[in-house]
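What follows is the content of protein27.tsv (TSV, C-alpha atoms).
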```tsv
chain	number	residue	atom	x	y	z
M	1	MET	CA	-2.67	-34.80	-6.13
M	2	ALA	CA	-4.57	-31.82	-7.57
M	3	LEU	CA	-4.91	-31.41	-11.30
M	4	ASN	CA	-2.95	-28.59	-12.91
M	5	ARG	CA	-5.30	-25.57	-12.94
M	6	ASP	CA	-3.13	-23.95	-15.64
M	7	PHE	CA	-4.98	-26.18	-18.14
M	8	VAL	CA	-8.26	-24.26	-17.66
M	9	GLY	CA	-8.91	-22.31	-20.85
M	10	ARG	CA	-6.70	-24.45	-23.07
M	11	THR	CA	-8.28	-25.30	-26.40
M	12	TYR	CA	-7.66	-28.34	-28.58
M	13	PRO	CA	-8.87	-28.61	-32.21
M	14	SER	CA	-9.72	-31.98	-33.73
M	15	ALA	CA	-6.93	-33.44	-35.85
M	16	ALA	CA	-9.25	-34.26	-38.77
M	17	PRO	CA	-12.95	-34.00	-39.60
M	18	TYR	CA	-15.21	-36.80	-38.42
M	19	GLU	CA	-17.31	-38.18	-41.29
M	20	VAL	CA	-20.75	-39.23	-40.04
M	21	SER	CA	-22.02	-42.36	-41.80
M	22	ARG	CA	-25.38	-44.12	-41.80
M	23	VAL	CA	-23.60	-47.29	-40.63
M	24	LYS	CA	-22.09	-45.60	-37.56
M	25	ILE	CA	-25.43	-44.00	-36.68
M	26	LYS	CA	-27.21	-47.35	-37.02
M	27	GLU	CA	-24.55	-49.11	-34.91
M	28	PHE	CA	-24.78	-46.45	-32.20
M	29	ALA	CA	-28.59	-46.59	-32.14
M	30	ALA	CA	-28.40	-50.38	-31.81
M	31	ALA	CA	-25.83	-50.11	-29.01
M	32	ILE	CA	-28.09	-47.83	-26.97
M	33	GLY	CA	-31.21	-49.86	-27.81
M	34	ASP	CA	-33.05	-47.10	-29.67
M	35	ASN	CA	-35.12	-48.40	-32.60
M	36	ASN	CA	-36.36	-45.00	-33.81
M	37	PRO	CA	-36.59	-45.31	-37.62
M	38	VAL	CA	-35.10	-41.83	-38.21
M	39	TYR	CA	-31.80	-43.30	-36.99
M	40	ARG	CA	-31.96	-46.27	-39.39
M	41	ASP	CA	-34.07	-45.53	-42.46
M	42	ARG	CA	-33.39	-42.68	-44.90
M	43	GLU	CA	-37.01	-42.54	-46.08
M	44	ALA	CA	-38.33	-42.37	-42.50
M	45	ALA	CA	-35.86	-39.54	-41.80
M	46	ARG	CA	-36.90	-37.69	-44.96
M	47	ALA	CA	-40.57	-38.11	-44.05
M	48	ALA	CA	-39.72	-36.47	-40.70
M	49	GLY	CA	-38.12	-33.51	-42.52
M	50	TYR	CA	-34.43	-34.47	-42.40
M	51	PRO	CA	-32.14	-34.78	-45.45
M	52	ASP	CA	-30.88	-38.21	-44.34
M	53	VAL	CA	-30.82	-40.36	-41.21
M	54	ILE	CA	-30.02	-38.42	-38.08
M	55	ALA	CA	-27.99	-39.50	-35.08
M	56	PRO	CA	-29.35	-40.07	-31.58
M	57	PRO	CA	-28.78	-37.04	-29.32
M	58	THR	CA	-25.85	-38.64	-27.46
M	59	PHE	CA	-23.99	-39.68	-30.66
M	60	PRO	CA	-21.40	-36.84	-30.49
M	61	ILE	CA	-19.74	-38.64	-27.56
M	62	VAL	CA	-18.27	-40.90	-30.27
M	63	PHE	CA	-16.01	-38.13	-31.56
M	64	SER	CA	-16.32	-35.00	-29.38
M	65	LEU	CA	-13.78	-36.00	-26.74
M	66	GLN	CA	-11.11	-36.91	-29.26
M	67	ALA	CA	-10.01	-33.29	-29.53
M	68	GLY	CA	-9.67	-32.90	-25.76
M	69	GLY	CA	-8.09	-36.33	-25.40
M	70	GLU	CA	-4.68	-34.82	-26.05
M	71	ALA	CA	-5.01	-32.81	-22.83
M	72	LEU	CA	-6.18	-35.76	-20.76
M	73	VAL	CA	-3.01	-37.72	-21.44
M	74	ASP	CA	-0.64	-34.76	-20.99
M	75	PRO	CA	1.55	-35.65	-17.97
M	76	GLU	CA	1.57	-31.97	-16.91
M	77	LEU	CA	-2.20	-32.12	-16.28
M	78	GLY	CA	-1.60	-34.83	-13.68
M	79	LEU	CA	-4.70	-36.92	-14.44
M	80	ASN	CA	-4.57	-40.54	-13.29
M	81	LEU	CA	-6.68	-42.24	-15.98
M	82	ALA	CA	-6.95	-45.41	-13.85
M	83	MET	CA	-8.98	-43.39	-11.32
M	84	VAL	CA	-11.29	-41.63	-13.82
M	85	VAL	CA	-15.05	-42.16	-13.96
M	86	HIS	CA	-17.68	-40.41	-16.04
M	87	GLY	CA	-19.36	-37.62	-14.11
M	88	GLU	CA	-21.84	-35.75	-16.27
M	89	GLN	CA	-22.62	-35.24	-19.95
M	90	ARG	CA	-24.99	-32.84	-21.67
M	91	PHE	CA	-25.61	-31.66	-25.20
M	92	GLU	CA	-26.95	-28.40	-26.66
M	93	TYR	CA	-28.02	-28.57	-30.29
M	94	ALA	CA	-28.22	-26.01	-33.11
M	95	ARG	CA	-29.37	-28.86	-35.38
M	96	PRO	CA	-29.25	-32.68	-35.46
M	97	VAL	CA	-26.15	-34.59	-36.55
M	98	CYS	CA	-26.96	-36.05	-39.94
M	99	ALA	CA	-25.43	-38.81	-42.08
M	100	GLY	CA	-23.03	-37.17	-44.52
M	101	ASP	CA	-21.91	-34.46	-42.10
M	102	GLU	CA	-18.19	-33.77	-41.87
M	103	LEU	CA	-17.68	-32.40	-38.37
M	104	VAL	CA	-14.83	-30.73	-36.56
M	105	THR	CA	-14.58	-30.31	-32.83
M	106	THR	CA	-12.80	-27.74	-30.73
M	107	ALA	CA	-12.48	-28.86	-27.12
M	108	THR	CA	-11.80	-26.42	-24.29
M	109	ILE	CA	-11.07	-27.26	-20.67
M	110	THR	CA	-13.52	-24.95	-18.94
M	111	ASP	CA	-13.17	-25.95	-15.30
M	112	ILE	CA	-11.04	-27.94	-12.90
M	113	ARG	CA	-12.13	-28.09	-9.29
M	114	SER	CA	-11.97	-30.19	-6.18
M	115	ALA	CA	-15.02	-31.86	-4.64
M	116	GLY	CA	-14.02	-33.55	-1.43
M	117	ARG	CA	-11.26	-36.01	-2.28
M	118	ASN	CA	-12.14	-35.93	-5.99
M	119	GLU	CA	-10.99	-33.73	-8.85
M	120	LEU	CA	-13.57	-32.70	-11.47
M	121	LEU	CA	-12.54	-31.66	-14.96
M	122	THR	CA	-15.06	-30.18	-17.40
M	123	ILE	CA	-14.54	-30.04	-21.15
M	124	ARG	CA	-16.75	-28.07	-23.56
M	125	SER	CA	-16.60	-29.34	-27.13
M	126	ASP	CA	-17.92	-27.09	-29.89
M	127	VAL	CA	-18.96	-29.16	-32.91
M	128	THR	CA	-19.34	-27.53	-36.33
M	129	THR	CA	-19.37	-28.62	-39.95
M	130	VAL	CA	-16.13	-28.15	-41.88
M	131	ALA	CA	-17.82	-25.05	-43.36
M	132	GLY	CA	-18.26	-23.62	-39.84
M	133	GLU	CA	-22.00	-24.24	-39.35
M	134	PRO	CA	-22.70	-24.80	-35.62
M	135	VAL	CA	-24.13	-28.26	-34.89
M	136	CYS	CA	-23.87	-28.80	-31.15
M	137	THR	CA	-21.92	-28.15	-27.99
M	138	THR	CA	-21.16	-30.95	-25.57
M	139	TYR	CA	-20.23	-30.61	-21.92
M	140	ASN	CA	-18.44	-33.52	-20.29
M	141	THR	CA	-17.33	-33.69	-16.68
M	142	ILE	CA	-14.96	-36.44	-15.66
M	143	VAL	CA	-14.09	-37.31	-12.09
M	144	GLU	CA	-10.69	-38.41	-10.85
M	145	ARG	CA	-11.53	-40.33	-7.69
M	146	GLY	CA	-9.42	-39.88	-4.57
M	147	GLY	CA	-7.56	-36.80	-5.73
M	148	ALA	CA	-6.90	-33.80	-3.51
M	149	GLY	CA	-8.73	-33.57	-0.26
```

Please, can you express the file's structure as structure tokens?
Amino acid sequence: MALNRDFVGRTYPSAAPYEVSRVKIKEFAAAIGDNNPVYRDREAARAAGYPDVIAPPTFPIVFSLQAGGEALVDPELGLNLAMVVHGEQRFEYARPVCAGDELVTTATITDIRSAGRNELLTIRSDVTTVAGEPVCTTYNTIVERGGAG
């Protein structure tokens, strides 16, 4: 069954700011196997010109989809989560995510389309500080396998 195209353009703000901690950055870096010291050591990060440890480039996946998650579980969208796989992810940065940041995300469904028997849903998440400073934009495409066709 095709996803509800009426969801394109809908925007979902995050419920609360996400507080970036050194511990979460370190855990994420360990999980992806990246030993870069700017992700683990404040002095190494400062020596590289950052105010504190920074997060690996893919770190925003931890929190950026939470805002759009509300849409994904809305029965009116028609998404079968059991058939969902990750399609594509990309990040555009204004500046790195840094320990101590308090970030808010606004997620927007930007596209829903069919590709063969699959349905593709793209979400753009705009990440800013609570003061409104742009940090990054993420683009995530998920695939519902065996949809319309």

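Of the residues listed (M:Asn35, M:Thr105, M:Thr138, M:Asn80), M:Thr138 shows the shortest atom-to-atom separation from Arg124 in chain M; distances use all atoms listed in the file.
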
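Here CA of Pro96 in chain M and CA of Ala48 in chain M stand 12.3 Å from one another.
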
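If you look at CA of Pro17 in chain M and CA of Cys98 in chain M, they are 14.2 Å away from each other.
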
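The smallest atom-to-atom distance between Arg113 in chain M and any of M:Leu72, M:Ala94, M:Val85, M:Ile142, using all atoms listed in the file, is found for M:Ile142.
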
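Across the model, the gap from CA of Glu92 in chain M to CA of Glu144 in chain M is 24.8 Å.
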
> Could you name the residues that touch Gly87 in chain M at 8 Å or less, counting all atoms listed in the file, but leaving out those on the same chain fewer than 3 positions away, as a ChimeraX atom specification?
Replying inline: /M:140-143

> Leaving out Thr129 in chain M and any residue of its chain fewer than 5 positions from it, which residues lie within 9 Å of it when counting all atoms listed in the file, given as a PyMOL selection string?
Replying inline: chain M and resi 17+101-105+134-135

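Considering the residues M:Pro56, M:Gly33, M:Gly146, M:Gly68 and counting only C-alpha atoms, Val8 in chain M has its shortest atom-to-atom contact with M:Gly68.
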
>> Can you tell me which residues surround Tyr139 in chain M at a distance of at most 6 Å, considering all atoms listed in the file, apart from same-chain residues fewer than 4 positions away, and format the answer as a count of residues only?
In response: 4

>> Restricting the calculation to all atoms listed in the file: of M:Pro60, M:Gly49, M:Pro75, M:Gly100, which residue gets closest to Phe7 in chain M?
In response: M:Pro75

> Between M:Val97, M:Leu79, M:Val84, M:Cys136, which one has atoms that come closest to Arg5 in chain M, using all atoms listed in the file?
Replying inline: M:Leu79

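Distance check against Gln66 in chain M using only C-alpha atoms: of M:Ala45, M:Ser14, M:Val130, M:Ala2, the minimum falls on M:Ser14.
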